[in-house]
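Student: Supplied structure: final26.tsv, TSV, C-alpha atoms.
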```
chain	number	residue	atom	x	y	z
K	1	MET	CA	-11.73	-27.13	-5.67
K	2	PRO	CA	-11.37	-24.79	-8.72
K	3	GLN	CA	-13.35	-22.02	-6.98
K	4	VAL	CA	-11.04	-22.14	-3.95
K	5	LYS	CA	-8.01	-21.79	-6.27
K	6	ILE	CA	-9.62	-18.73	-7.85
K	7	ALA	CA	-10.19	-17.15	-4.43
K	8	LYS	CA	-6.59	-17.81	-3.39
K	9	THR	CA	-5.39	-16.27	-6.65
K	10	ILE	CA	-7.44	-13.11	-5.99
K	11	ALA	CA	-6.12	-12.94	-2.41
K	12	ASN	CA	-2.50	-13.39	-3.53
K	13	LEU	CA	-2.87	-10.71	-6.18
K	14	SER	CA	-3.80	-8.03	-3.62
K	15	ALA	CA	-0.76	-6.30	-2.34
K	16	GLY	CA	0.11	-4.05	0.18
K	17	ALA	CA	1.69	-0.65	0.44
K	18	LEU	CA	5.08	0.71	1.41
K	19	ILE	CA	5.61	4.37	2.36
K	20	ALA	CA	8.80	6.59	2.57
K	21	ALA	CA	9.64	9.74	4.62
K	22	ILE	CA	10.61	12.86	2.62
K	23	THR	CA	12.06	16.20	3.67
K	24	LEU	CA	12.01	19.53	1.83
K	25	SER	CA	14.75	22.13	2.24
K	26	CYS	CA	15.19	25.74	1.21
K	27	SER	CA	18.26	26.77	-0.75
K	28	SER	CA	18.26	30.52	0.04
K	29	THR	CA	21.02	31.75	2.36
K	30	ASN	CA	18.91	34.35	4.20
K	31	ALA	CA	15.30	34.82	5.21
K	32	THR	CA	13.29	37.78	6.49
K	33	TYR	CA	10.21	38.22	8.65
K	34	LEU	CA	8.29	41.07	10.26
K	35	ASP	CA	8.59	41.33	14.04
K	36	GLU	CA	5.03	42.07	15.13
K	37	GLU	CA	6.13	43.61	18.43
K	38	THR	CA	8.70	46.13	17.08
K	39	GLY	CA	7.45	46.48	13.50
K	40	GLU	CA	10.99	45.90	12.23
K	41	VAL	CA	12.04	43.66	9.36
K	42	VAL	CA	14.50	41.07	10.66
K	43	VAL	CA	17.03	39.28	8.42
K	44	VAL	CA	17.85	35.75	9.54
K	45	ALA	CA	21.07	34.05	8.48
K	46	GLU	CA	21.14	30.53	7.02
K	47	SER	CA	22.49	29.16	10.30
K	48	GLU	CA	19.30	30.29	12.05
K	49	LEU	CA	17.03	28.32	9.72
K	50	ASP	CA	15.83	24.89	10.74
K	51	ASN	CA	16.21	21.73	8.64
K	52	GLU	CA	12.99	22.50	6.78
K	53	GLY	CA	14.25	25.90	5.57
K	54	MET	CA	11.66	27.52	7.90
K	55	LEU	CA	12.23	30.08	10.63
K	56	GLY	CA	12.53	28.51	14.04
K	57	ALA	CA	9.86	29.22	16.63
K	58	GLY	CA	12.25	31.58	18.42
K	59	TYR	CA	12.41	33.80	15.30
K	60	GLY	CA	8.72	34.25	14.67
K	61	GLY	CA	8.46	31.27	12.32
K	62	VAL	CA	6.60	27.98	12.45
K	63	ALA	CA	8.58	24.75	12.08
K	64	THR	CA	6.63	22.39	9.82
K	65	SER	CA	7.25	18.72	9.15
K	66	HIS	CA	6.81	17.03	5.79
K	67	GLN	CA	7.16	13.51	7.18
K	68	ILE	CA	4.88	10.93	5.58
K	69	ASN	CA	3.65	8.05	7.69
K	70	ASN	CA	4.70	4.75	6.15
K	71	GLY	CA	1.30	3.22	6.86
K	72	ASP	CA	-0.52	5.60	4.50
K	73	PRO	CA	-1.43	3.47	1.44
K	74	LEU	CA	-1.92	6.47	-0.87
K	75	ALA	CA	1.07	8.62	0.07
K	76	ALA	CA	3.68	9.32	-2.60
K	77	ARG	CA	6.92	7.63	-1.55
K	78	LYS	CA	10.05	5.94	-2.80
K	79	SER	CA	10.67	2.58	-1.18
K	80	PHE	CA	11.83	-0.99	-1.57
K	81	GLY	CA	10.65	-3.84	0.65
K	82	LEU	CA	10.67	-7.55	1.30
K	83	SER	CA	7.95	-9.67	2.94
K	84	ARG	CA	8.35	-13.25	4.12
K	85	ALA	CA	5.85	-15.87	5.29
K	86	TYR	CA	6.60	-19.49	6.15
K	87	ASP	CA	6.04	-20.61	2.55
K	88	ALA	CA	6.10	-17.45	0.44
K	89	THR	CA	8.14	-14.34	-0.36
K	90	ARG	CA	7.10	-10.97	-1.77
K	91	ILE	CA	9.28	-8.21	-3.21
K	92	ARG	CA	7.74	-4.74	-3.22
K	93	GLY	CA	8.71	-1.38	-4.67
K	94	ALA	CA	7.16	2.07	-4.93
K	95	TYR	CA	7.94	5.33	-6.66
K	96	GLY	CA	5.86	8.43	-6.04
K	97	GLU	CA	6.06	12.10	-6.92
K	98	ASP	CA	3.43	14.71	-5.97
K	99	ALA	CA	0.03	13.24	-6.93
K	100	HIS	CA	1.38	10.17	-8.76
K	101	LEU	CA	2.28	6.78	-7.31
K	102	PHE	CA	3.57	3.63	-9.02
K	103	THR	CA	3.83	0.35	-7.10
K	104	LEU	CA	5.15	-3.09	-8.01
K	105	ASP	CA	4.59	-6.32	-6.10
K	106	PHE	CA	6.08	-9.68	-7.11
K	107	GLY	CA	5.54	-12.83	-5.06
K	108	PHE	CA	6.35	-16.53	-5.21
K	109	ASN	CA	5.80	-19.52	-2.94
K	110	ASN	CA	7.13	-23.01	-2.30
K	111	LYS	CA	4.54	-24.46	-4.71
K	112	ARG	CA	6.17	-22.62	-7.64
K	113	GLN	CA	3.24	-20.20	-7.85
K	114	ARG	CA	4.15	-16.66	-8.95
K	115	ASN	CA	2.02	-13.55	-8.65
K	116	TYR	CA	2.60	-9.97	-9.72
K	117	GLN	CA	0.80	-6.65	-9.42
K	118	VAL	CA	1.59	-3.30	-11.05
K	119	GLU	CA	-0.52	-0.31	-10.02
K	120	TYR	CA	-0.68	3.38	-10.88
K	121	THR	CA	-2.58	5.76	-8.58
K	122	TYR	CA	-3.44	9.41	-9.07
K	123	LEU	CA	-4.46	11.32	-5.93
K	124	SER	CA	-6.07	14.74	-6.28
K	125	ASP	CA	-5.69	17.70	-3.90
K	126	SER	CA	-9.04	16.71	-2.36
K	127	ASP	CA	-7.58	13.28	-1.42
K	128	GLN	CA	-9.63	11.39	-4.01
K	129	GLY	CA	-7.74	8.76	-5.96
K	130	VAL	CA	-8.13	6.64	-9.08
K	131	SER	CA	-6.06	3.48	-9.53
K	132	ILE	CA	-5.35	1.29	-12.56
K	133	GLU	CA	-4.04	-2.14	-11.67
K	134	PHE	CA	-2.54	-4.90	-13.80
K	135	LEU	CA	-2.12	-8.31	-12.20
K	136	GLY	CA	-1.19	-11.84	-13.06
K	137	SER	CA	-0.54	-15.31	-11.72
K	138	ASP	CA	1.39	-18.29	-13.06
K	139	GLY	CA	2.07	-21.74	-11.63
K	140	ASP	CA	1.73	-25.48	-12.01
K	141	ASP	CA	-2.00	-25.52	-11.17
K	142	ARG	CA	-3.25	-22.20	-12.64
K	143	ASN	CA	-2.33	-19.07	-14.56
K	144	GLY	CA	-4.09	-15.85	-15.45
K	145	PHE	CA	-3.92	-12.12	-15.91
K	146	GLY	CA	-6.30	-9.22	-15.54
K	147	SER	CA	-6.84	-5.57	-14.71
K	148	THR	CA	-9.00	-3.45	-12.43
K	149	VAL	CA	-9.97	0.19	-12.07
K	150	SER	CA	-10.66	1.52	-8.56
K	151	TYR	CA	-11.76	4.69	-6.79
K	152	ALA	CA	-10.47	5.61	-3.34
K	153	GLN	CA	-11.06	8.44	-0.86
K	154	LYS	CA	-8.66	9.33	1.94
K	155	LEU	CA	-10.53	10.56	5.03
K	156	THR	CA	-8.85	11.95	8.16
K	157	LEU	CA	-11.04	11.33	11.19
K	158	HIS	CA	-8.46	12.56	13.73
K	159	ASP	CA	-4.86	13.72	13.76
K	160	ASN	CA	-3.85	10.09	14.27
K	161	VAL	CA	-6.71	8.20	12.56
K	162	MET	CA	-7.25	7.82	8.83
K	163	ILE	CA	-9.56	5.61	6.74
K	164	VAL	CA	-9.38	4.85	3.02
K	165	PRO	CA	-12.51	3.25	1.49
K	166	LYS	CA	-11.90	1.81	-1.98
K	167	VAL	CA	-14.15	0.19	-4.59
K	168	GLY	CA	-13.21	-1.30	-7.95
K	169	ILE	CA	-14.24	-3.40	-10.91
K	170	GLY	CA	-12.20	-5.46	-13.32
K	171	SER	CA	-11.77	-8.70	-15.17
K	172	LEU	CA	-9.55	-11.74	-14.80
K	173	PHE	CA	-8.71	-14.17	-17.59
K	174	GLY	CA	-7.48	-17.42	-16.14
K	175	ARG	CA	-7.10	-21.15	-16.59
K	176	LEU	CA	-7.06	-23.86	-13.93
K	177	LYS	CA	-4.80	-26.87	-14.55
K	178	ASP	CA	-5.74	-30.29	-13.23
K	179	GLY	CA	-3.38	-32.86	-14.68
K	180	LYS	CA	-4.00	-32.90	-18.44
K	181	THR	CA	-7.28	-30.97	-18.14
K	182	ASN	CA	-7.45	-27.17	-18.38
K	183	THR	CA	-10.55	-25.29	-17.23
K	184	ASP	CA	-11.28	-21.70	-18.25
K	185	ALA	CA	-11.87	-19.44	-15.25
K	186	ASP	CA	-12.56	-16.03	-16.78
K	187	SER	CA	-14.29	-13.78	-14.27
K	188	VAL	CA	-15.59	-10.29	-13.64
K	189	ILE	CA	-14.30	-8.98	-10.32
K	190	LEU	CA	-16.11	-6.54	-8.02
K	191	LYS	CA	-14.07	-5.59	-4.97
K	192	SER	CA	-14.14	-3.23	-2.01
K	193	SER	CA	-11.93	-2.52	0.98
K	194	LEU	CA	-11.66	-0.23	4.00
K	195	HIS	CA	-8.13	0.59	5.17
K	196	THR	CA	-8.15	1.99	8.73
K	197	MET	CA	-4.86	3.24	10.19
K	198	TYR	CA	-3.78	4.61	13.56
K	199	SER	CA	-0.48	6.50	13.40
K	200	PHE	CA	1.70	7.27	16.40
K	201	ASP	CA	3.46	10.63	16.71
K	202	SER	CA	6.81	8.83	16.50
K	203	GLY	CA	5.94	7.49	13.03
K	204	HIS	CA	4.89	3.93	13.94
K	205	TRP	CA	1.48	2.66	12.83
K	206	LEU	CA	-1.22	-0.02	13.20
K	207	TYR	CA	-3.88	-0.87	10.63
K	208	ALA	CA	-6.83	-3.10	9.80
K	209	LYS	CA	-8.10	-3.74	6.27
K	210	PRO	CA	-11.22	-5.82	5.60
K	211	GLN	CA	-11.73	-6.66	1.91
K	212	THR	CA	-14.38	-8.39	-0.19
K	213	ALA	CA	-14.41	-9.53	-3.81
K	214	TYR	CA	-17.22	-10.97	-5.90
K	215	ILE	CA	-16.12	-13.60	-8.45
K	216	ASN	CA	-18.83	-14.16	-11.04
K	217	HIS	CA	-17.25	-17.37	-12.41
K	218	ALA	CA	-17.84	-19.00	-9.02
K	219	ASN	CA	-20.96	-16.93	-8.26
K	220	ALA	CA	-19.61	-16.27	-4.77
K	221	TRP	CA	-17.94	-13.68	-2.53
K	222	SER	CA	-14.42	-13.99	-1.14
K	223	SER	CA	-13.57	-12.13	2.07
K	224	ASN	CA	-10.20	-11.19	3.49
K	225	LEU	CA	-9.00	-9.44	6.65
K	226	GLU	CA	-5.52	-7.91	7.05
K	227	LEU	CA	-4.19	-6.87	10.45
K	228	GLY	CA	-0.76	-5.31	10.68
K	229	GLY	CA	1.56	-2.56	11.77
K	230	GLY	CA	5.00	-1.08	11.41
K	231	TYR	CA	7.85	0.28	13.53
K	232	MET	CA	10.31	2.91	12.29
K	233	LEU	CA	13.86	1.83	13.15
K	234	ASN	CA	15.23	5.11	11.77
K	235	ASP	CA	14.35	7.73	9.15
K	236	HIS	CA	14.92	5.27	6.30
K	237	THR	CA	14.12	1.78	7.60
K	238	SER	CA	10.99	0.18	9.05
K	239	VAL	CA	9.95	-3.32	10.05
K	240	GLY	CA	6.42	-4.58	10.21
K	241	PHE	CA	4.05	-7.50	10.44
K	242	LYS	CA	0.89	-8.58	8.68
K	243	TYR	CA	-1.60	-11.31	9.43
K	244	ASP	CA	-4.27	-12.03	6.82
K	245	ILE	CA	-7.21	-14.40	6.76
K	246	THR	CA	-9.05	-15.38	3.56
K	247	HIS	CA	-12.45	-17.10	3.55
K	248	PHE	CA	-14.27	-18.51	0.53
K	249	LYS	CA	-17.18	-20.99	0.38
K	250	GLY	CA	-16.48	-22.53	3.76
K	251	HIS	CA	-12.70	-22.72	3.28
K	252	SER	CA	-10.32	-20.49	5.24
K	253	GLU	CA	-6.61	-19.80	4.98
K	254	ALA	CA	-4.51	-17.71	7.40
K	255	LYS	CA	-0.94	-16.51	6.99
K	256	GLY	CA	1.48	-14.30	8.91
K	257	TRP	CA	4.10	-12.09	7.28
K	258	PHE	CA	7.26	-10.31	8.45
K	259	GLU	CA	8.11	-7.18	6.47
K	260	ILE	CA	11.08	-4.84	6.12
K	261	SER	CA	11.20	-1.65	4.04
K	262	TYR	CA	13.90	0.80	3.07
K	263	ASN	CA	13.19	4.39	2.02
K	264	PRO	CA	16.16	6.07	0.28
```
The structure given in the file should be rewritten as structure tokens.
Tutor:
Amino acid sequence: MPQVKIAKTIANLSAGALIAAITLSCSSTNATYLDEETGEVVVVAESELDNEGMLGAGYGGVATSHQINNGDPLAARKSFGLSRAYDATRIRGAYGEDAHLFTLDFGFNNKRQRNYQVEYTYLSDSDQGVSIEFLGSDGDDRNGFGSTVSYAQKLTLHDNVMIVPKVGIGSLFGRLKDGKTNTDADSVILKSSLHTMYSFDSGHWLYAKPQTAYINHANAWSSNLELGGGYMLNDHTSVGFKYDITHFKGHSEAKGWFEISYNP
């Protein structure tokens, strides 16, 4: 049915995120601190600094980590990844600096359907973000393009638990192909999601992400649920899994994905 094709297009156009680990270092050769017990100023040589350029705990300093969990969808990172399902492949990339994040997602399947998503996100110091997304789809049975604007808020409920509610609005200009007949499928899109992540101290993570989207052309809601996680093989490489289920007007589709990411 045309409406089912629209829902599958919306589901395929949503993409996941890939996160990298970054480390900051200090270039000075010496550091000083005040010994609270003796009142003396102590000079510490470069060899006594830890990898973060901070004083070690034994020298009156606090060792801090700047590691970013790869499951955080709004964290600035540099990464490249590949996802594979039984009938589809996705290539993902991300580049982030400070409060800015750019992501690219390109996918294709065995039915010669191609999807892409380019997104820019700005995240403020108060963990509020605004995203601008450009997306498109092209294949034998349909094609289209569109854009959305979304607002997100990162909330830390616990040291290991984070949620990211997100709401957005946009438009999609599409055409369904059925033999020699083409049907316009322009739509306004209203969407929302809730990304919930549990991060382990070792850097691994688990997440759940329910999503909904209203498609005015079909006058119906599409729902999707993502369940997944990731395991850090080392400081630069992670593997993960994702299982998503899409439901629209009585029709359901489920798919499992294997994912690998590299963070330079």
Student: Show which residues sit within 9 Å of Asn216 of chain K, as a tab-separated table (two decimals) with C-alpha atoms, in the frame of the given file. Count all atoms listed in the file, and ignore same-chain residues fewer than 2 positions away.
Tutor:
```
chain	number	residue	atom	x	y	z
K	186	ASP	CA	-12.56	-16.03	-16.78
K	187	SER	CA	-14.29	-13.78	-14.27
K	188	VAL	CA	-15.59	-10.29	-13.64
K	189	ILE	CA	-14.30	-8.98	-10.32
K	190	LEU	CA	-16.11	-6.54	-8.02
K	214	TYR	CA	-17.22	-10.97	-5.90
K	218	ALA	CA	-17.84	-19.00	-9.02
K	219	ASN	CA	-20.96	-16.93	-8.26
K	220	ALA	CA	-19.61	-16.27	-4.77
K	221	TRP	CA	-17.94	-13.68	-2.53
```
Student: Taking into account all atoms listed in the file, which residue in the set K:Asn182, K:Asn224, K:Ser199, K:Ser83 is nearest to Gln211 of chain K?
Tutor: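 Under the stated criterion, the closest residue is K:Asn224.
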Student: Would you list the contacts of segment 144-147 of chain K as number ranges by chain, taking every protein, DNA or RNA residue within 9 Å and counting all atoms listed in the file, but skipping same-chain residues closer than 5 positions in sequence?
Tutor: K: 9, 132-138, 169-176, 185-186
Student: In Å, rounded to a single decimal, give me how far atom CA of Tyr207 of chain K is from atom CA of Tyr231 of chain K.
Tutor: 12.1 Å
Student: Using all atoms listed in the file, pick whichever of K:Arg77, K:Lys111, K:His204, K:His247 has the shortest atom-to-atom distance to Thr89 of chain K.
Tutor: K:Lys111
Student: Neighbours of Leu194 of chain K within 7 Å (all atoms listed in the file; same-chain residues fewer than 2 positions away dropped), as a list in words?
Tutor: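 Answer for this query is Ile163, Val164, Pro165, Lys166, Thr196, Lys209, Pro210 and Gln211 of chain K.
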Student: Do a neighbour search on Tyr243 of chain K at 10 Å with all atoms listed in the file, toss out local chain neighbours closer than 4 positions, and write the hits as a list in words.
Tutor: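 What passes the distance filter is Ala85, Ala208, Leu225, Glu226, Leu227, Gly228, Gly229, Ala254, Lys255, Gly256, Trp257 and Phe258 of chain K.
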Student: I'd like the interatomic distance between atom CA of Leu101 of chain K and atom CA of Gln153 of chain K, to a tenth of an Å.
Tutor: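 Taking atom CA of Leu101 of chain K as the start and atom CA of Gln153 of chain K as the end point, the length is 14.9 Å.
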Student: Measure the distance from atom CA of Ser124 of chain K to atom CA of Leu155 of chain K in Å and round it to one decimal.
Tutor: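 Going from atom CA of Ser124 of chain K over to atom CA of Leu155 of chain K, I get 12.9 Å.
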Student: Using all atoms listed in the file for the distances, tell me which of K:Arg90, K:Gly71, K:Ser261, K:Thr246 is nearest to Phe200 of chain K.
Tutor: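 Answer, going by the shortest atom-to-atom distance: K:Gly71.
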Student: Take the point (2.7, 1.7, 6.8) as written in the file and pick out every residue within 12 Å of it, counting only C-alpha atoms; give the list as a PyMOL selection string.
Tutor: chain K and resi 16-21+68-75+77+79+81+162+195-200+203-208+227-232+237-242+259-263
